[in-house]
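This report refers to the structure that appears directly beneath it.
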Amino acid sequence: MATSELHTPVLDWYDEHQRDLPWRRPEASPWSVLVSELMLQQTPVKRVLPVHEAWLERWPTPADLAAEPTGEAVRAWGRLGYPRRALRLHAAATAIVADHDGEVPADYDDLIALPGVGDYTAAAVASFAFGRRHVVLDTNVRRVLARAVGGVEWPARSVTRAERDAAALLLPADDATAATWAVAVMELGALVCTATGPRCAACPVADRCAWRLAGHPAYDGPPRRAQAWEGTDRQCRGRLMVVLRESHAPVHRSALDAVWPDEEQRTRCLAGLVADGLVAQVAADVYALP
DNA sequence: AACTCGTGGCG
DNA sequence: TCGCCAAGAGT
């Protein structure tokens, strides 16, 4: 397919249908973009919005966050999930103050060196906040390209070399258009080319989508494992964190015992949370956010 | 490379 | 109802 012919319809569609998100506004700081990207890792936009707003209100710069105890970040993280991201964001803020004069760096290499910033987030911040030209491969982009270009419903489990090469070939040559392209494809995946129930009737490239043109062939790759939840350590850790987040005073062990029946698992998870830096033991049998 | 790490909304 | 999935990173 002449992949360059995807550009105009996708860019035009984005111009008309893009969501008004706080971290996309012209006045949004690179710090706002970085905060949003950490929060959006595996968490839907709708749930991020209020937390992001409160976060930027309270900590308008990396230095503001770095000056606080890590526990304040964990508490403000609320129920976004994966609270280690709050610790990483705090650590990233600290590194930005220490190594970059308090300014979020614009270079991919500097960004990816920050805690909690991997390939996707480094490329996203460089692209969205600084207008740099990068291949931005998130779950939305990967799904759109798998369908429109690859002709299959789902991409591979992890990013392949061929996938990255294909995305690089699609990237417009100049920085500004490349940055818009990156966010536009992502938005198309989020709003139209969704994981379940894609709205092909509303898709600007439906008439040239390889998957649709092939008649929407069923997925025939390896089974995609469902996330286990009931009875897992993650569920146990989540229960323990709720107690600590909701208490503004240190908590006795008995209050933690009450939320998970299996003593062995509960003890292991609490030790894990302490080891992760999400929980501090402040006295014998007394715990608090760090 | 496979596994771990939260939470909640939606079809 | 309940399985699926959401702007991934670290190990």
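Chain labels follow the order of the structure tokens: the first chain is A, the next B, and so on; residue numbering restarts at 1 in every chain, and ligands are counted from 1 in their shown order.
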
Using 10 Å as the limit and counting only C-alpha atoms (C1' of nucleotides), can you tabulate each residue of chain C that touches chain B, with its shortest atom-to-atom distance in Å and the two atoms involved, as a Markdown table?
| residue | atom | partner | partner_atom | distance |
| --- | --- | --- | --- | --- |
| C:DC4 | C1' | B:DC10 | C1' | 9.2 |
| C:DC5 | C1' | B:DC10 | C1' | 9.6 |
| C:DA6 | C1' | B:DG9 | C1' | 9.9 |
| C:DA9 | C1' | B:DC5 | C1' | 9.6 |
| C:DG10 | C1' | B:DT4 | C1' | 9.1 |
| C:DT11 | C1' | B:DT4 | C1' | 8.8 |

Practice task
Up to 12 Å from chain B, what residues of chain A turn up? Count only C-alpha atoms (C1' of nucleotides) and give them as a ChimeraX atom specification.
Solution key: /A:41-48,77-85,157-158,195-197,225,227-229,232-242,269,272-273,276

Practice task
Using only C-alpha atoms (C1' of nucleotides), select each residue of chain A with any atom at most 10 Å away from an atom of chain C, and give the selection as JSON, numbers by chain.
Solution key: {"A": [36, 37, 38, 39, 40, 41, 42, 43, 44, 45, 85, 88, 115, 116, 117, 118, 119, 120, 121, 124, 136, 137, 138, 139, 140, 141, 183, 186, 187, 190, 195, 196, 226, 227]}

Keeping C-alpha atoms for every residue in the selection just given, could you write it to a file as a PDB file, in the first residue's frame?
ATOM      1  CA  SER A  36       0.077  12.751  32.012  1.00  0.00           C
ATOM      2  CA  GLU A  37       2.164  10.087  30.302  1.00  0.00           C
ATOM      3  CA  LEU A  38       3.125   8.400  33.568  1.00  0.00           C
ATOM      4  CA  MET A  39      -0.502   8.443  34.704  1.00  0.00           C
ATOM      5  CA  LEU A  40      -1.782   7.152  31.372  1.00  0.00           C
ATOM      6  CA  GLN A  41       0.423   4.063  31.443  1.00  0.00           C
ATOM      7  CA  GLN A  42      -2.231   1.332  31.564  1.00  0.00           C
ATOM      8  CA  THR A  43      -4.860   3.738  32.901  1.00  0.00           C
ATOM      9  CA  PRO A  44      -7.787   5.215  30.915  1.00  0.00           C
ATOM     10  CA  VAL A  45      -7.928   8.937  30.149  1.00  0.00           C
ATOM     11  CA  ARG A  85       4.349   4.832  39.146  1.00  0.00           C
ATOM     12  CA  ARG A  88       8.813   6.743  39.813  1.00  0.00           C
ATOM     13  CA  PRO A 115      12.679   6.557  36.341  1.00  0.00           C
ATOM     14  CA  GLY A 116       9.379   5.308  34.957  1.00  0.00           C
ATOM     15  CA  VAL A 117      10.191   6.514  31.446  1.00  0.00           C
ATOM     16  CA  GLY A 118      10.602   3.753  28.874  1.00  0.00           C
ATOM     17  CA  ASP A 119      10.712   3.847  25.091  1.00  0.00           C
ATOM     18  CA  TYR A 120       7.097   4.842  24.613  1.00  0.00           C
ATOM     19  CA  THR A 121       7.052   7.598  27.222  1.00  0.00           C
ATOM     20  CA  ALA A 124       5.828  10.597  23.527  1.00  0.00           C
ATOM     21  CA  VAL A 136       5.693   6.681  19.117  1.00  0.00           C
ATOM     22  CA  LEU A 137       4.466   3.128  19.563  1.00  0.00           C
ATOM     23  CA  ASP A 138       1.774   2.647  22.145  1.00  0.00           C
ATOM     24  CA  THR A 139      -1.019   0.110  22.246  1.00  0.00           C
ATOM     25  CA  ASN A 140      -3.288   2.350  20.135  1.00  0.00           C
ATOM     26  CA  VAL A 141      -0.762   3.011  17.392  1.00  0.00           C
ATOM     27  CA  VAL A 183      -0.758  11.937  18.351  1.00  0.00           C
ATOM     28  CA  MET A 186      -2.914   7.398  18.715  1.00  0.00           C
ATOM     29  CA  GLU A 187      -6.188   9.327  18.900  1.00  0.00           C
ATOM     30  CA  ALA A 190      -8.395   5.518  21.086  1.00  0.00           C
ATOM     31  CA  ALA A 195      -9.769  -2.812  20.712  1.00  0.00           C
ATOM     32  CA  THR A 196     -13.338  -4.048  20.763  1.00  0.00           C
ATOM     33  CA  ALA A 226      -6.190 -12.687  30.550  1.00  0.00           C
ATOM     34  CA  GLN A 227      -4.958 -10.893  33.630  1.00  0.00           C
TER      35      GLN A 227
END

Handout entry: Backbone-only DSSP, alpha helix (DSSP H) members of range 52-290 of chain A, as number ranges by chain
Key = A: 52-58, 62-66, 70-77, 84-99, 108-112, 119-128, 139-148, 161-170, 175-191, 210-213, 233-246, 253-257, 263-276

Practice task
In Å, rounded to a single decimal, give me how far CA of Thr177 in chain A is from CA of Asp165 in chain A.
Solution key: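 Distance reported for this atom pair: 18.4 Å.
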
Practice task
Would you mind telling me which residue in A:Pro50, A:Arg142, A:Ala122, A:Pro30 lies nearest to Gly102 in chain A when using only C-alpha atoms?
Solution key: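 Nearest candidate to Gly102 in chain A out of A:Pro50, A:Arg142, A:Ala122, A:Pro30: A:Pro30.
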
Exercise for the section: Return the single residue from A:Val135, A:Val205, A:Ala76, A:Val97 that is closest to Thr180 in chain A, with distances computed using only C-alpha atoms. Expected result: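 Looking at the shortest contact to Thr180 in chain A, the residue is A:Val135.
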
Handout entry: Residues near Pro105 in chain A, cut-off 9 Å, only C-alpha atoms (C1' of nucleotides), skip fewer than 5 positions along chain, as a list of chain:residue names
Key = A:Pro30, A:Ile96, A:His100, A:Asp110, A:Leu111, A:Ala126

Practice task
Tell me, in Å to one decimal, how far CA of Glu5 in chain A is from CA of Val144 in chain A.
Solution key: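 Calculated distance between CA of Glu5 in chain A and CA of Val144 in chain A is 14.8 Å.
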